[in-house]
>>> print(open('protein-v2.pdb').read())   # PDB, C-alpha atoms
MODEL        1
ATOM      1  CA  MET A  40      65.100  95.825 107.679
ATOM      2  CA  ARG A  41      68.561  95.537 109.269
ATOM      3  CA  VAL A  42      69.974  94.289 105.996
ATOM      4  CA  VAL A  43      68.565  97.307 104.162
ATOM      5  CA  ARG A  44      70.065  99.686 106.749
ATOM      6  CA  ALA A  45      73.396  97.917 106.548
ATOM      7  CA  LEU A  46      73.390  98.159 102.748
ATOM      8  CA  LEU A  47      72.454 101.837 102.891
ATOM      9  CA  GLY A  48      75.259 102.411 105.384
ATOM     10  CA  LEU A  49      77.765 100.653 103.150
ATOM     11  CA  ALA A  50      76.589 102.676 100.170
ATOM     12  CA  ALA A  51      77.095 105.899 102.131
ATOM     13  CA  VAL A  52      80.589 104.868 103.144
ATOM     14  CA  ALA A  53      81.432 103.936  99.563
ATOM     15  CA  ALA A  54      80.151 107.282  98.297
ATOM     16  CA  ALA A  55      82.183 109.146 100.897
ATOM     17  CA  ALA A  56      85.419 107.400  99.970
ATOM     18  CA  GLY A  57      86.787 110.215  97.831
ATOM     19  CA  CYS A  58      90.313 108.782  97.537
ATOM     20  CA  ALA A  59      89.035 105.661  95.887
ATOM     21  CA  VAL A  60      89.483 106.532  92.240
ATOM     22  CA  GLY A  61      87.762 103.435  90.958
ATOM     23  CA  LEU A  62      87.221 101.619  87.706
ATOM     24  CA  ASP A  63      86.180 104.590  85.548
ATOM     25  CA  ALA A  64      89.298 106.607  86.362
ATOM     26  CA  THR A  65      91.551 107.810  83.609
ATOM     27  CA  PRO A  66      95.338 107.809  83.942
ATOM     28  CA  VAL A  67      95.113 111.580  84.496
ATOM     29  CA  ASP A  68      92.695 111.046  87.397
ATOM     30  CA  GLU A  69      94.999 108.488  88.938
ATOM     31  CA  ALA A  70      98.091 110.639  88.509
ATOM     32  CA  ARG A  71      96.344 113.596  90.152
ATOM     33  CA  ALA A  72      95.141 111.457  93.035
ATOM     34  CA  LEU A  73      98.698 110.322  93.781
ATOM     35  CA  THR A  74     100.386 113.680  93.188
ATOM     36  CA  SER A  75      98.761 115.358  96.185
ATOM     37  CA  PRO A  76     100.145 112.990  98.854
ATOM     38  CA  LEU A  77     103.539 113.006  97.105
ATOM     39  CA  GLU A  78     103.633 116.795  97.303
ATOM     40  CA  GLN A  79     102.652 116.547 100.964
ATOM     41  CA  ALA A  80     105.524 114.121 101.549
ATOM     42  CA  SER A  81     107.955 116.377  99.674
ATOM     43  CA  SER A  82     107.011 119.274 101.900
ATOM     44  CA  ALA A  83     107.550 117.143 104.998
ATOM     45  CA  VAL A  84     110.996 116.048 103.814
ATOM     46  CA  GLY A  85     111.928 119.658 103.028
ATOM     47  CA  THR A  86     110.907 120.752 106.501
ATOM     48  CA  ALA A  87     112.800 117.841 108.051
ATOM     49  CA  THR A  88     115.921 118.744 106.078
ATOM     50  CA  LEU A  89     115.740 122.356 107.222
ATOM     51  CA  ALA A  90     115.250 121.269 110.835
ATOM     52  CA  ALA A  91     118.242 118.920 110.665
ATOM     53  CA  GLU A  92     120.457 121.560 109.060
ATOM     54  CA  LEU A  93     119.488 124.159 111.676
ATOM     55  CA  LEU A  94     120.383 121.747 114.453
ATOM     56  CA  GLY A  95     123.639 120.860 112.742
ATOM     57  CA  ASP A  96     124.511 124.558 112.426
ATOM     58  CA  GLY A  97     123.756 125.152 116.104
ATOM     59  CA  ARG A  98     120.809 127.422 115.275
ATOM     60  CA  SER A  99     118.242 125.143 116.888
ATOM     61  CA  THR A 100     118.010 122.873 119.888
ATOM     62  CA  ALA A 101     117.485 119.147 119.921
ATOM     63  CA  ALA A 102     114.070 119.596 121.555
ATOM     64  CA  VAL A 103     112.838 122.060 118.931
ATOM     65  CA  THR A 104     114.213 119.904 116.126
ATOM     66  CA  ASP A 105     112.611 116.799 117.581
ATOM     67  CA  THR A 106     109.236 118.545 117.679
ATOM     68  CA  ALA A 107     109.591 119.674 114.062
ATOM     69  CA  LEU A 108     110.602 116.195 112.955
ATOM     70  CA  LEU A 109     107.792 114.547 114.901
ATOM     71  CA  ASP A 110     105.323 116.817 113.114
ATOM     72  CA  GLN A 111     106.772 115.633 109.802
ATOM     73  CA  VAL A 112     106.399 112.014 110.882
ATOM     74  CA  HIS A 113     102.663 112.678 111.222
ATOM     75  CA  VAL A 114     102.471 114.463 107.860
ATOM     76  CA  LEU A 115     104.219 111.538 106.196
ATOM     77  CA  GLN A 116     101.833 109.086 107.842
ATOM     78  CA  GLU A 117      98.900 110.981 106.353
ATOM     79  CA  ALA A 118     100.561 110.889 102.939
ATOM     80  CA  ALA A 119     101.266 107.168 103.298
ATOM     81  CA  ASP A 120      97.652 106.518 104.279
ATOM     82  CA  ALA A 121      96.399 108.439 101.232
ATOM     83  CA  VAL A 122      98.631 106.427  98.907
ATOM     84  CA  ALA A 123      97.829 103.103 100.576
ATOM     85  CA  THR A 124      94.066 103.652 100.368
ATOM     86  CA  PHE A 125      94.193 104.741  96.713
ATOM     87  CA  VAL A 126      92.286 102.309  94.481
ATOM     88  CA  PRO A 127      93.984 101.943  91.105
ATOM     89  CA  ALA A 128      91.860 101.312  88.044
ATOM     90  CA  ASP A 129      94.501  99.444  86.080
ATOM     91  CA  ARG A 130      98.067  98.137  86.109
ATOM     92  CA  THR A 131      99.543 101.548  85.377
ATOM     93  CA  GLY A 132      97.824 103.045  88.404
ATOM     94  CA  ALA A 133      98.879 100.078  90.502
ATOM     95  CA  ALA A 134     102.511 100.566  89.444
ATOM     96  CA  TRP A 135     102.330 104.272  90.291
ATOM     97  CA  GLN A 136     100.822 103.393  93.650
ATOM     98  CA  ALA A 137     103.625 100.920  94.374
ATOM     99  CA  ASP A 138     106.236 103.526  93.434
ATOM    100  CA  ALA A 139     104.505 106.153  95.560
ATOM    101  CA  LEU A 140     104.324 103.788  98.531
ATOM    102  CA  THR A 141     108.028 103.068  98.230
ATOM    103  CA  THR A 142     109.035 106.708  98.002
ATOM    104  CA  VAL A 143     106.803 107.800 100.886
ATOM    105  CA  ARG A 144     107.989 104.904 103.066
ATOM    106  CA  ASP A 145     111.606 105.804 102.259
ATOM    107  CA  ALA A 146     110.826 109.371 103.319
ATOM    108  CA  GLN A 147     109.426 108.045 106.580
ATOM    109  CA  VAL A 148     112.636 106.096 107.190
ATOM    110  CA  ALA A 149     114.772 109.162 106.433
ATOM    111  CA  VAL A 150     112.778 111.411 108.768
ATOM    112  CA  ALA A 151     112.795 108.778 111.522
ATOM    113  CA  ALA A 152     116.583 108.512 111.160
ATOM    114  CA  ALA A 153     116.866 112.301 111.374
ATOM    115  CA  ARG A 154     114.794 112.254 114.528
ATOM    116  CA  GLY A 155     117.027 109.571 116.011
ATOM    117  CA  TRP A 156     120.114 111.621 115.144
ATOM    118  CA  ALA A 157     118.577 114.761 116.667
ATOM    119  CA  ASN A 158     118.092 112.851 119.900
ATOM    120  CA  GLY A 159     121.623 111.461 120.011
ATOM    121  CA  ALA A 160     120.998 108.087 118.443
ATOM    122  CA  GLY A 161     121.949 106.875 115.053
ATOM    123  CA  SER A 162     124.085 108.407 112.385
ATOM    124  CA  ASP A 163     125.795 111.730 111.784
ATOM    125  CA  GLU A 164     124.335 114.899 110.286
ATOM    126  CA  GLY A 165     125.863 114.318 106.847
ATOM    127  CA  THR A 166     124.337 110.869 106.521
ATOM    128  CA  VAL A 167     120.957 112.100 107.739
ATOM    129  CA  VAL A 168     120.873 115.069 105.365
ATOM    130  CA  ALA A 169     122.039 112.877 102.463
ATOM    131  CA  ALA A 170     119.193 110.425 103.115
ATOM    132  CA  LEU A 171     116.692 113.280 103.298
ATOM    133  CA  ASP A 172     118.062 114.741 100.055
ATOM    134  CA  ALA A 173     117.830 111.364  98.316
ATOM    135  CA  SER A 174     114.263 111.012  99.524
ATOM    136  CA  ALA A 175     113.388 114.496  98.276
ATOM    137  CA  THR A 176     114.849 113.666  94.865
ATOM    138  CA  ALA A 177     112.876 110.417  94.611
ATOM    139  CA  LEU A 178     109.652 112.183  95.572
ATOM    140  CA  ASP A 179     110.301 114.996  93.091
ATOM    141  CA  ASP A 180     111.120 112.539  90.294
ATOM    142  CA  LEU A 181     107.931 110.548  90.788
ATOM    143  CA  THR A 182     105.860 113.716  91.059
ATOM    144  CA  ALA A 183     107.406 114.963  87.798
ATOM    145  CA  THR A 184     106.501 111.674  86.117
ATOM    146  CA  LEU A 185     102.900 112.013  87.252
ATOM    147  CA  ASP A 186     102.830 115.701  86.258
ATOM    148  CA  GLU A 187     103.778 114.677  82.708
ATOM    149  CA  VAL A 188     100.676 112.489  82.607
ATOM    150  CA  THR A 189      98.409 115.269  83.883
ATOM    151  CA  GLY A 190      99.997 117.907  81.673
ATOM    152  CA  GLU A 191     100.748 120.111  84.670
TER     153      GLU A 191
ENDMDL
END
>>> encode(input="protein-v2.pdb", output="structure tokens")
Amino acid sequence: MRVVRALLGLAAVAAAAGCAVGLDATPVDEARALTSPLEQASSAVGTATLAAELLGDGRSTAAVTDTALLDQVHVLQEAADAVATFVPADRTGAAWQADALTTVRDAQVAVAAARGWANGAGSDEGTVVAALDASATALDDLTATLDEVTGE
């Protein structure tokens, strides 16, 4: 009886795993599944860039900027988790996943560096903003590639 309950529990968990695209997924399905966390990451990088620029212009304080950047760290972690738990159906999906993981992780590094700068550690504003801009470009480029597949 315990085995049956355990199997039923595993089946329920498997059914609830909406991010797992699975074996019957088309390339369009896979591209859509990865686009959402990439857009989430792009938004986080955009917010981080704005926060850094406001601090650099003297229109924000380090404490306010730190709070904004910390929020973006959490948003990026959610995006990274969504990409990492994605289940590709084929090599194309696996390659997209690897690219998405790289771009989201690079965004995490850029936002962490911005947070360090905002708190007096690390680099200068120009370097931080340049890294955030490069991250935004990489995220946008990969999203555009996936949008071509989905026709959106």
>>> closest_residue(input="protein-v2.pdb", among="A:Ser99, A:Thr131, A:Gln79, A:Thr124", to="Leu185 in chain A", atoms="only C-alpha atoms")
A:Thr131
>>> axis_aligned_box(input="protein-v2.pdb", around="range 65-82 of chain A", padding_each_side="6 Å", output="JSON")
{"center_x": 99.8, "center_y": 113.5, "center_z": 92.8, "size_x": 28.4, "size_y": 23.5, "size_z": 30.3}
>>> resolve_selection(input="protein-v2.pdb", expression="the PyMOL selection byres ((chain A and resi 174) around 8)", output="ChimeraX atom specification")
/A:84,142,145-146,149,170-173,175-178
>>> residues_around(input="protein-v2.pdb", residues="Arg144 in chain A", least_positions_apart="5", cutoff="10 Å", atoms="all atoms listed in the file", output="list in words")
Ala80, Leu115, Gln116, Ala118, Ala119, Asp138, Ala139, Ala149, Val150 and Ser174 of chain A
>>> residues_around(input="protein-v2.pdb", residues="range 157-167 of chain A", least_positions_apart="4", cutoff="7 Å", atoms="all atoms listed in the file", output="CSV table (one decimal) with C-alpha atoms, in the coordinates of the input")
chain,number,residue,atom,x,y,z
A,95,GLY,CA,123.6,120.9,112.7
A,101,ALA,CA,117.5,119.1,119.9
A,104,THR,CA,114.2,119.9,116.1
A,105,ASP,CA,112.6,116.8,117.6
A,149,ALA,CA,114.8,109.2,106.4
A,152,ALA,CA,116.6,108.5,111.2
A,153,ALA,CA,116.9,112.3,111.4
A,171,LEU,CA,116.7,113.3,103.3
>>> resolve_selection(input="protein-v2.pdb", expression="the PyMOL selection byres ((chain A and resi 70) around 8)", output="list in words")
Pro66, Val67, Asp68, Glu69, Arg71, Ala72, Leu73, Thr74, Gly132, Trp135, Leu185, Asp186, Val188 and Thr189 of chain A
>>> atom_distance(input="protein-v2.pdb", atom1="CA of Ala64 in chain A", atom2="CA of Pro127 in chain A")
8.1 Å
>>> atom_distance(input="protein-v2.pdb", atom1="CA of Ala107 in chain A", atom2="CA of Leu94 in chain A")
11.0 Å
>>> closest_residue(input="protein-v2.pdb", among="A:Thr65, A:Leu89, A:Glu191, A:Asp96", to="Ala128 in chain A", atoms="all atoms listed in the file")
A:Thr65
>>> closest_residue(input="protein-v2.pdb", among="A:Arg154, A:Gly190, A:Leu181, A:Gly85", to="Leu109 in chain A", atoms="all atoms listed in the file")
A:Arg154
>>> closest_residue(input="protein-v2.pdb", among="A:Pro76, A:Glu187, A:Asp179, A:Val168", to="Thr88 in chain A", atoms="only C-alpha atoms")
A:Val168
>>> atom_distance(input="protein-v2.pdb", atom1="CA of Ser75 in chain A", atom2="CA of Ala134 in chain A")
16.7 Å
>>> closest_residue(input="protein-v2.pdb", among="A:Ala169, A:Ala90, A:Val112, A:Leu77", to="Thr141 in chain A", atoms="all atoms listed in the file")
A:Leu77
>>> closest_residue(input="protein-v2.pdb", among="A:Ser82, A:Asp63, A:Gly155, A:Gln147", to="Val126 in chain A", atoms="all atoms listed in the file")
A:Asp63
